[in-house]
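Asker: coords-v1.cif is reproduced in full below (mmCIF, C-alpha atoms).
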```cif
data_protein
loop_
_atom_site.group_PDB
_atom_site.id
_atom_site.type_symbol
_atom_site.label_atom_id
_atom_site.label_comp_id
_atom_site.auth_asym_id
_atom_site.auth_seq_id
_atom_site.Cartn_x
_atom_site.Cartn_y
_atom_site.Cartn_z
ATOM 1 C CA MET A 1 -144.019 21.482 2.874
ATOM 2 C CA ASN A 2 -145.853 22.655 -0.278
ATOM 3 C CA LYS A 3 -148.977 24.833 -0.138
ATOM 4 C CA THR A 4 -151.395 22.061 -1.157
ATOM 5 C CA HIS A 5 -150.116 19.716 1.555
ATOM 6 C CA SER A 6 -150.222 22.530 4.105
ATOM 7 C CA ASN A 7 -153.832 23.373 3.198
ATOM 8 C CA LYS A 8 -154.894 19.738 3.522
ATOM 9 C CA ARG A 9 -153.156 19.437 6.879
ATOM 10 C CA HIS A 10 -154.926 22.593 8.060
ATOM 11 C CA ALA A 11 -158.293 21.217 6.886
ATOM 12 C CA SER A 12 -157.635 17.933 8.693
ATOM 13 C CA LEU A 13 -156.855 19.759 11.945
ATOM 14 C CA ILE A 14 -160.065 21.797 11.686
ATOM 15 C CA PHE A 15 -162.076 18.656 10.980
ATOM 16 C CA LEU A 16 -160.456 16.840 13.917
ATOM 17 C CA LYS A 17 -161.127 19.723 16.313
ATOM 18 C CA GLU A 18 -164.785 20.000 15.298
ATOM 19 C CA GLY A 19 -165.212 16.232 15.290
ATOM 20 C CA MET A 20 -164.006 15.990 18.863
ATOM 21 C CA LYS A 21 -166.715 18.467 19.865
ATOM 22 C CA LYS A 22 -169.521 17.057 17.717
ATOM 23 C CA ILE A 23 -168.639 13.466 16.777
ATOM 24 C CA HIS A 24 -172.324 12.428 16.994
ATOM 25 C CA ILE A 25 -173.079 14.845 14.138
ATOM 26 C CA GLN A 26 -169.841 14.680 12.152
ATOM 27 C CA GLY A 27 -169.424 10.899 12.389
ATOM 28 C CA SER A 28 -165.626 10.875 12.007
ATOM 29 C CA LEU A 29 -162.483 12.600 13.249
ATOM 30 C CA LEU A 30 -160.746 12.711 9.860
ATOM 31 C CA PRO A 31 -161.857 13.949 6.429
ATOM 32 C CA SER A 32 -162.675 11.306 3.822
ATOM 33 C CA SER A 33 -159.776 10.062 1.716
ATOM 34 C CA LYS A 34 -159.104 10.856 -1.930
ATOM 35 C CA TYR A 35 -159.653 7.166 -2.665
ATOM 36 C CA LEU A 36 -163.211 7.193 -1.341
ATOM 37 C CA GLY A 37 -163.857 10.532 -3.011
ATOM 38 C CA GLY A 38 -162.557 9.241 -6.320
ATOM 39 C CA ARG A 39 -164.851 6.224 -6.242
ATOM 40 C CA ILE A 40 -167.850 8.415 -5.517
ATOM 41 C CA VAL A 41 -167.101 11.041 -8.167
ATOM 42 C CA LYS A 42 -166.756 8.301 -10.797
ATOM 43 C CA ARG A 43 -170.377 7.297 -10.110
ATOM 44 C CA ILE A 44 -171.747 10.787 -10.813
ATOM 45 C CA PRO A 45 -173.137 11.058 -14.384
ATOM 46 C CA MET A 46 -171.533 14.398 -15.259
ATOM 47 C CA ARG A 47 -173.256 16.475 -17.967
ATOM 48 C CA ASP A 48 -173.852 20.130 -18.813
ATOM 49 C CA GLY A 49 -176.397 21.709 -16.493
ATOM 50 C CA ILE A 50 -176.079 18.995 -13.853
ATOM 51 C CA LEU A 51 -177.306 19.798 -10.340
ATOM 52 C CA ILE A 52 -175.410 17.959 -7.604
ATOM 53 C CA VAL A 53 -176.181 18.162 -3.894
ATOM 54 C CA GLU A 54 -173.631 17.232 -1.229
ATOM 55 C CA LEU A 55 -174.911 16.574 2.287
ATOM 56 C CA GLY A 56 -172.308 17.036 4.999
ATOM 57 C CA ALA A 57 -169.558 18.776 3.046
ATOM 58 C CA GLY A 58 -167.154 19.026 5.990
ATOM 59 C CA THR A 59 -163.904 20.701 4.945
ATOM 60 C CA GLY A 60 -164.585 20.021 1.263
ATOM 61 C CA ALA A 61 -162.687 16.790 0.546
ATOM 62 C CA PHE A 62 -165.427 15.633 -1.865
ATOM 63 C CA THR A 63 -166.585 19.138 -2.765
ATOM 64 C CA GLU A 64 -163.260 20.004 -4.384
ATOM 65 C CA MET A 65 -163.122 16.709 -6.303
ATOM 66 C CA ILE A 66 -166.683 17.167 -7.588
ATOM 67 C CA LEU A 67 -165.943 20.718 -8.758
ATOM 68 C CA LYS A 68 -162.854 19.541 -10.663
ATOM 69 C CA GLN A 69 -164.950 17.054 -12.647
ATOM 70 C CA MET A 70 -168.198 19.017 -12.952
ATOM 71 C CA PRO A 71 -168.944 20.883 -16.220
ATOM 72 C CA LYS A 72 -168.743 24.676 -16.245
ATOM 73 C CA LYS A 73 -172.532 24.928 -16.454
ATOM 74 C CA GLY A 74 -173.115 22.634 -13.472
ATOM 75 C CA THR A 75 -174.244 23.620 -9.978
ATOM 76 C CA LEU A 76 -173.193 22.128 -6.644
ATOM 77 C CA LEU A 77 -175.167 22.772 -3.461
ATOM 78 C CA ALA A 78 -173.072 21.855 -0.412
ATOM 79 C CA PHE A 79 -174.894 21.515 2.916
ATOM 80 C CA GLU A 80 -172.896 21.891 6.117
ATOM 81 C CA THR A 81 -174.467 22.676 9.512
ATOM 82 C CA ASN A 82 -171.184 23.257 11.361
ATOM 83 C CA HIS A 83 -170.428 26.987 11.150
ATOM 84 C CA VAL A 84 -166.650 26.562 11.464
ATOM 85 C CA LEU A 85 -166.551 24.031 8.626
ATOM 86 C CA ALA A 86 -168.936 26.091 6.470
ATOM 87 C CA GLU A 87 -166.705 29.161 6.898
ATOM 88 C CA HIS A 88 -163.672 27.079 5.949
ATOM 89 C CA LEU A 89 -165.465 26.078 2.724
ATOM 90 C CA ARG A 90 -166.317 29.687 1.921
ATOM 91 C CA LYS A 91 -162.703 30.770 2.357
ATOM 92 C CA THR A 92 -161.006 27.909 0.505
ATOM 93 C CA LEU A 93 -163.385 26.990 -2.329
ATOM 94 C CA ILE A 94 -164.176 30.066 -4.398
ATOM 95 C CA ASP A 95 -166.239 28.877 -7.350
ATOM 96 C CA LYS A 96 -169.350 30.453 -8.892
ATOM 97 C CA ARG A 97 -170.810 26.963 -9.417
ATOM 98 C CA LEU A 98 -170.725 26.260 -5.675
ATOM 99 C CA VAL A 99 -173.504 27.279 -3.272
ATOM 100 C CA ILE A 100 -172.710 26.633 0.401
ATOM 101 C CA ILE A 101 -175.817 26.184 2.544
ATOM 102 C CA GLU A 102 -175.311 26.365 6.288
ATOM 103 C CA ASP A 103 -178.526 24.594 7.207
ATOM 104 C CA ASP A 104 -180.109 21.243 8.003
ATOM 105 C CA ALA A 105 -180.003 18.815 5.047
ATOM 106 C CA ALA A 106 -183.588 17.852 5.929
ATOM 107 C CA LEU A 107 -184.559 21.225 4.430
ATOM 108 C CA LEU A 108 -183.139 20.358 1.000
ATOM 109 C CA PRO A 109 -186.491 20.598 -0.894
ATOM 110 C CA LYS A 110 -187.140 24.018 0.681
ATOM 111 C CA HIS A 111 -183.752 25.340 -0.477
ATOM 112 C CA LEU A 112 -184.251 24.010 -4.010
ATOM 113 C CA ALA A 113 -187.643 25.737 -4.224
ATOM 114 C CA ALA A 114 -186.305 29.001 -2.743
ATOM 115 C CA ARG A 115 -183.653 29.157 -5.475
ATOM 116 C CA SER A 116 -186.064 28.047 -8.234
ATOM 117 C CA LEU A 117 -183.841 25.042 -8.894
ATOM 118 C CA PRO A 118 -185.003 21.720 -10.333
ATOM 119 C CA LEU A 119 -184.715 18.470 -8.429
ATOM 120 C CA ALA A 120 -181.158 17.182 -8.088
ATOM 121 C CA ASP A 121 -179.568 14.878 -10.654
ATOM 122 C CA CYS A 122 -177.324 13.409 -7.967
ATOM 123 C CA ILE A 123 -177.174 13.601 -4.176
ATOM 124 C CA VAL A 124 -173.948 12.649 -2.412
ATOM 125 C CA SER A 125 -174.139 12.021 1.325
ATOM 126 C CA GLY A 126 -171.705 11.127 4.044
ATOM 127 C CA LEU A 127 -174.187 11.864 6.814
ATOM 128 C CA PRO A 128 -173.731 9.411 9.735
ATOM 129 C CA PHE A 129 -177.265 7.988 9.706
ATOM 130 C CA GLY A 130 -176.359 5.419 12.329
ATOM 131 C CA ASP A 131 -175.725 8.220 14.850
ATOM 132 C CA PHE A 132 -179.114 9.879 14.309
ATOM 133 C CA SER A 133 -182.441 9.085 15.914
ATOM 134 C CA ARG A 134 -184.893 7.106 13.811
ATOM 135 C CA THR A 135 -187.053 10.222 13.442
ATOM 136 C CA LYS A 136 -184.149 12.354 12.216
ATOM 137 C CA ARG A 137 -182.971 9.632 9.861
ATOM 138 C CA GLN A 138 -186.449 9.431 8.373
ATOM 139 C CA GLN A 139 -186.607 13.210 7.919
ATOM 140 C CA LEU A 140 -183.310 13.167 6.041
ATOM 141 C CA LEU A 141 -184.279 10.252 3.815
ATOM 142 C CA ASN A 142 -187.596 11.962 3.029
ATOM 143 C CA ALA A 143 -185.703 15.102 2.020
ATOM 144 C CA ILE A 144 -183.327 13.105 -0.194
ATOM 145 C CA ARG A 145 -186.251 11.349 -1.890
ATOM 146 C CA ASP A 146 -188.191 14.591 -2.372
ATOM 147 C CA GLY A 147 -185.125 16.494 -3.579
ATOM 148 C CA LEU A 148 -184.028 13.888 -6.147
ATOM 149 C CA ARG A 149 -185.430 13.749 -9.655
ATOM 150 C CA ASP A 150 -186.842 10.537 -11.079
ATOM 151 C CA ASN A 151 -183.930 8.480 -12.422
ATOM 152 C CA GLY A 152 -181.579 10.580 -10.305
ATOM 153 C CA LYS A 153 -178.819 8.946 -8.297
ATOM 154 C CA TYR A 154 -178.302 9.030 -4.529
ATOM 155 C CA LEU A 155 -174.811 8.022 -3.355
ATOM 156 C CA GLN A 156 -174.230 7.311 0.334
ATOM 157 C CA PHE A 157 -171.119 6.196 2.179
ATOM 158 C CA GLN A 158 -171.106 4.779 5.697
ATOM 159 C CA TYR A 159 -168.583 3.161 7.998
ATOM 160 C CA LEU A 160 -171.035 0.485 9.150
ATOM 161 C CA PRO A 161 -173.988 -0.764 7.061
ATOM 162 C CA VAL A 162 -176.433 -0.474 9.970
ATOM 163 C CA SER A 163 -178.735 1.975 8.164
ATOM 164 C CA LEU A 164 -178.874 0.087 4.877
ATOM 165 C CA PRO A 165 -182.142 -1.734 5.751
ATOM 166 C CA HIS A 166 -183.780 1.623 6.527
ATOM 167 C CA ILE A 167 -182.506 3.132 3.276
ATOM 168 C CA LYS A 168 -183.814 0.111 1.369
ATOM 169 C CA GLN A 169 -187.304 0.787 2.688
ATOM 170 C CA MET A 170 -187.365 3.938 0.565
ATOM 171 C CA PHE A 171 -184.857 3.359 -2.249
ATOM 172 C CA GLU A 172 -183.555 0.686 -4.557
ATOM 173 C CA ALA A 173 -180.150 0.487 -2.882
ATOM 174 C CA HIS A 174 -177.065 -1.582 -3.622
ATOM 175 C CA VAL A 175 -173.648 -1.837 -1.982
ATOM 176 C CA ILE A 176 -171.240 -0.993 -4.793
ATOM 177 C CA GLY A 177 -167.965 -0.918 -2.931
ATOM 178 C CA PHE A 178 -165.939 -1.004 0.249
ATOM 179 C CA GLU A 179 -162.989 1.377 0.465
ATOM 180 C CA LEU A 180 -160.238 0.147 2.782
ATOM 181 C CA ARG A 181 -158.011 3.149 2.040
ATOM 182 C CA ASN A 182 -160.199 5.391 4.136
ATOM 183 C CA PHE A 183 -160.234 5.911 7.891
ATOM 184 C CA PRO A 184 -162.471 4.362 8.970
ATOM 185 C CA PRO A 185 -162.979 2.063 5.935
ATOM 186 C CA ALA A 186 -166.296 2.836 4.262
ATOM 187 C CA PHE A 187 -169.134 1.121 2.427
ATOM 188 C CA LEU A 188 -170.530 2.862 -0.639
ATOM 189 C CA TYR A 189 -174.176 2.566 -1.675
ATOM 190 C CA GLU A 190 -175.817 3.583 -4.926
ATOM 191 C CA CYS A 191 -179.544 4.274 -4.605
ATOM 192 C CA ARG A 192 -182.480 5.296 -6.793
ATOM 193 C CA LYS A 193 -186.099 6.068 -6.152
ATOM 194 C CA ARG A 194 -188.251 2.960 -6.236
ATOM 195 C CA GLY A 195 -189.968 2.374 -9.556
ATOM 196 C CA THR A 196 -187.503 4.421 -11.627
ATOM 197 C CA ILE A 197 -185.184 3.121 -14.316
ATOM 198 C CA ALA A 198 -181.452 3.783 -14.378
ATOM 199 C CA LYS A 199 -180.234 5.893 -17.324
#
```
What do you get writing this file as structure tokens?
Answerer:
Amino acid sequence: MNKTHSNKRHASLIFLKEGMKKIHIQGSLLPSSKYLGGRIVKRIPMRDGILIVELGAGTGAFTEMILKQMPKKGTLLAFETNHVLAEHLRKTLIDKRLVIIEDDAALLPKHLAARSLPLADCIVSGLPFGDFSRTKRQQLLNAIRDGLRDNGKYLQFQYLPVSLPHIKQMFEAHVIGFELRNFPPAFLYECRKRGTIAK
């Protein structure tokens, strides 16, 4: 077994263990697939100086893919509330462009302001909105809206499209794909603030 395969297997076991304890927060028992990650990364408009925010980084399946494609002058803020998963990220993804934030994603605007960062160019989220209370879901969507620049892009994947109507109340949102090669299969949404124009 090569080192890369061994590392991925280790990450999957950590994710599974934490998911069994906190499935209502994590939303899945397995990390997202490279196929889903690839489709999401392709939708990110990479450029020098880009600021990307990832909500629910887990063991870094998307984080690593984003870093591989992101310019050297880009910044990636990765939110992860689970301490075990956050520590795994810190140990396995050593990159000066990456900032791991072990805090609630609903505090995104606060963390941007504390670091004197601009609003995000792109927010990527795998948060399981369908498992949250309506109040919590609203808090998170408010934070995404307030942390995203005008004309910025918000990418969300979900296993069931139950929260899409709620998202559409705040964003121009479109289903742009359904990835069967993921477990569970996932819907992918691309969203923008209402009244802004795609660039």
Asker: Once the PyMOL selection byres ((chain A and resi 187-195) around 8) has been applied to the shown file, what residues remain in the selection, as a compact mmCIF listing (two decimals) with C-alpha atoms, keeping the file's coordinate frame?
Answerer:
```
# COMPACT_ATOMS: atom_id res chain seq x y z
CA ILE A 40 -167.85 8.41 -5.52
CA ARG A 145 -186.25 11.35 -1.89
CA ASP A 150 -186.84 10.54 -11.08
CA ASN A 151 -183.93 8.48 -12.42
CA GLY A 152 -181.58 10.58 -10.30
CA LYS A 153 -178.82 8.95 -8.30
CA TYR A 154 -178.30 9.03 -4.53
CA LEU A 155 -174.81 8.02 -3.36
CA GLN A 156 -174.23 7.31 0.33
CA PHE A 157 -171.12 6.20 2.18
CA GLN A 158 -171.11 4.78 5.70
CA TYR A 159 -168.58 3.16 8.00
CA LEU A 160 -171.04 0.48 9.15
CA PRO A 161 -173.99 -0.76 7.06
CA MET A 170 -187.36 3.94 0.56
CA PHE A 171 -184.86 3.36 -2.25
CA GLU A 172 -183.56 0.69 -4.56
CA ALA A 173 -180.15 0.49 -2.88
CA HIS A 174 -177.06 -1.58 -3.62
CA VAL A 175 -173.65 -1.84 -1.98
CA ILE A 176 -171.24 -0.99 -4.79
CA GLY A 177 -167.96 -0.92 -2.93
CA PHE A 178 -165.94 -1.00 0.25
CA GLU A 179 -162.99 1.38 0.46
CA PRO A 185 -162.98 2.06 5.94
CA ALA A 186 -166.30 2.84 4.26
CA THR A 196 -187.50 4.42 -11.63
CA ILE A 197 -185.18 3.12 -14.32
CA ALA A 198 -181.45 3.78 -14.38
```
Asker: So what do you get for CA of Arg90 (chain A) versus CA of Phe62 (chain A), distance-wise?
Answerer: 14.6 Å
Asker: Going by the chain IDs and residue numbers used in this file, which residues fall under the PyMOL selection byres ((chain A and resi 100) around 12)? Write them as a ChimeraX atom specification.
Answerer: /A:53-60,63,75-83,85-99,101-105,111
Asker: How about saving the chosen residues, C-alpha atoms kept, as a PDB file, in the frame of the given file?
Answerer:
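Writing done, so here's result17.pdb:
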```
ATOM      1  CA  VAL A  53    -176.181  18.162  -3.894  1.00  0.00           C
ATOM      2  CA  GLU A  54    -173.631  17.232  -1.229  1.00  0.00           C
ATOM      3  CA  LEU A  55    -174.911  16.574   2.287  1.00  0.00           C
ATOM      4  CA  GLY A  56    -172.308  17.036   4.999  1.00  0.00           C
ATOM      5  CA  ALA A  57    -169.558  18.776   3.046  1.00  0.00           C
ATOM      6  CA  GLY A  58    -167.154  19.026   5.990  1.00  0.00           C
ATOM      7  CA  THR A  59    -163.904  20.701   4.945  1.00  0.00           C
ATOM      8  CA  GLY A  60    -164.585  20.021   1.263  1.00  0.00           C
ATOM      9  CA  THR A  63    -166.585  19.138  -2.765  1.00  0.00           C
ATOM     10  CA  THR A  75    -174.244  23.620  -9.978  1.00  0.00           C
ATOM     11  CA  LEU A  76    -173.193  22.128  -6.644  1.00  0.00           C
ATOM     12  CA  LEU A  77    -175.167  22.772  -3.461  1.00  0.00           C
ATOM     13  CA  ALA A  78    -173.072  21.855  -0.412  1.00  0.00           C
ATOM     14  CA  PHE A  79    -174.894  21.515   2.916  1.00  0.00           C
ATOM     15  CA  GLU A  80    -172.896  21.891   6.117  1.00  0.00           C
ATOM     16  CA  THR A  81    -174.467  22.676   9.512  1.00  0.00           C
ATOM     17  CA  ASN A  82    -171.184  23.257  11.361  1.00  0.00           C
ATOM     18  CA  HIS A  83    -170.428  26.987  11.150  1.00  0.00           C
ATOM     19  CA  LEU A  85    -166.551  24.031   8.626  1.00  0.00           C
ATOM     20  CA  ALA A  86    -168.936  26.091   6.470  1.00  0.00           C
ATOM     21  CA  GLU A  87    -166.705  29.161   6.898  1.00  0.00           C
ATOM     22  CA  HIS A  88    -163.672  27.079   5.949  1.00  0.00           C
ATOM     23  CA  LEU A  89    -165.465  26.078   2.724  1.00  0.00           C
ATOM     24  CA  ARG A  90    -166.317  29.687   1.921  1.00  0.00           C
ATOM     25  CA  LYS A  91    -162.703  30.770   2.357  1.00  0.00           C
ATOM     26  CA  THR A  92    -161.006  27.909   0.505  1.00  0.00           C
ATOM     27  CA  LEU A  93    -163.385  26.990  -2.329  1.00  0.00           C
ATOM     28  CA  ILE A  94    -164.176  30.066  -4.398  1.00  0.00           C
ATOM     29  CA  ASP A  95    -166.239  28.877  -7.350  1.00  0.00           C
ATOM     30  CA  LYS A  96    -169.350  30.453  -8.892  1.00  0.00           C
ATOM     31  CA  ARG A  97    -170.810  26.963  -9.417  1.00  0.00           C
ATOM     32  CA  LEU A  98    -170.725  26.260  -5.675  1.00  0.00           C
ATOM     33  CA  VAL A  99    -173.504  27.279  -3.272  1.00  0.00           C
ATOM     34  CA  ILE A 101    -175.817  26.184   2.544  1.00  0.00           C
ATOM     35  CA  GLU A 102    -175.311  26.365   6.288  1.00  0.00           C
ATOM     36  CA  ASP A 103    -178.526  24.594   7.207  1.00  0.00           C
ATOM     37  CA  ASP A 104    -180.109  21.243   8.003  1.00  0.00           C
ATOM     38  CA  ALA A 105    -180.003  18.815   5.047  1.00  0.00           C
ATOM     39  CA  HIS A 111    -183.752  25.340  -0.477  1.00  0.00           C
TER      40      HIS A 111
END
```
Asker: What is the CA of Pro118 (chain A) to CA of Leu51 (chain A) distance in Å?
Answerer: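 Going from CA of Pro118 (chain A) over to CA of Leu51 (chain A), I get 7.9 Å.
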Asker: May I ask for the distance between CA of Ile52 (chain A) and CA of Ser32 (chain A), given in Å to one decimal place?
Answerer: 18.4 Å
Asker: With all atoms listed in the file as the counted atoms, please give the residues lying no more than 10 Å from Arg137 (chain A), apart from itself and same-chain residues fewer than 6 positions off, as a PyMOL selection string.
Answerer: chain A and resi 106+127-131+143+163+166-167
Asker: So which one's closest to Phe132 (chain A), A:Val162, A:Leu117, A:Leu107, A:Leu148? Using all atoms listed in the file, please.
Answerer: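 Closest to Phe132 (chain A), using all atoms listed in the file: A:Val162.
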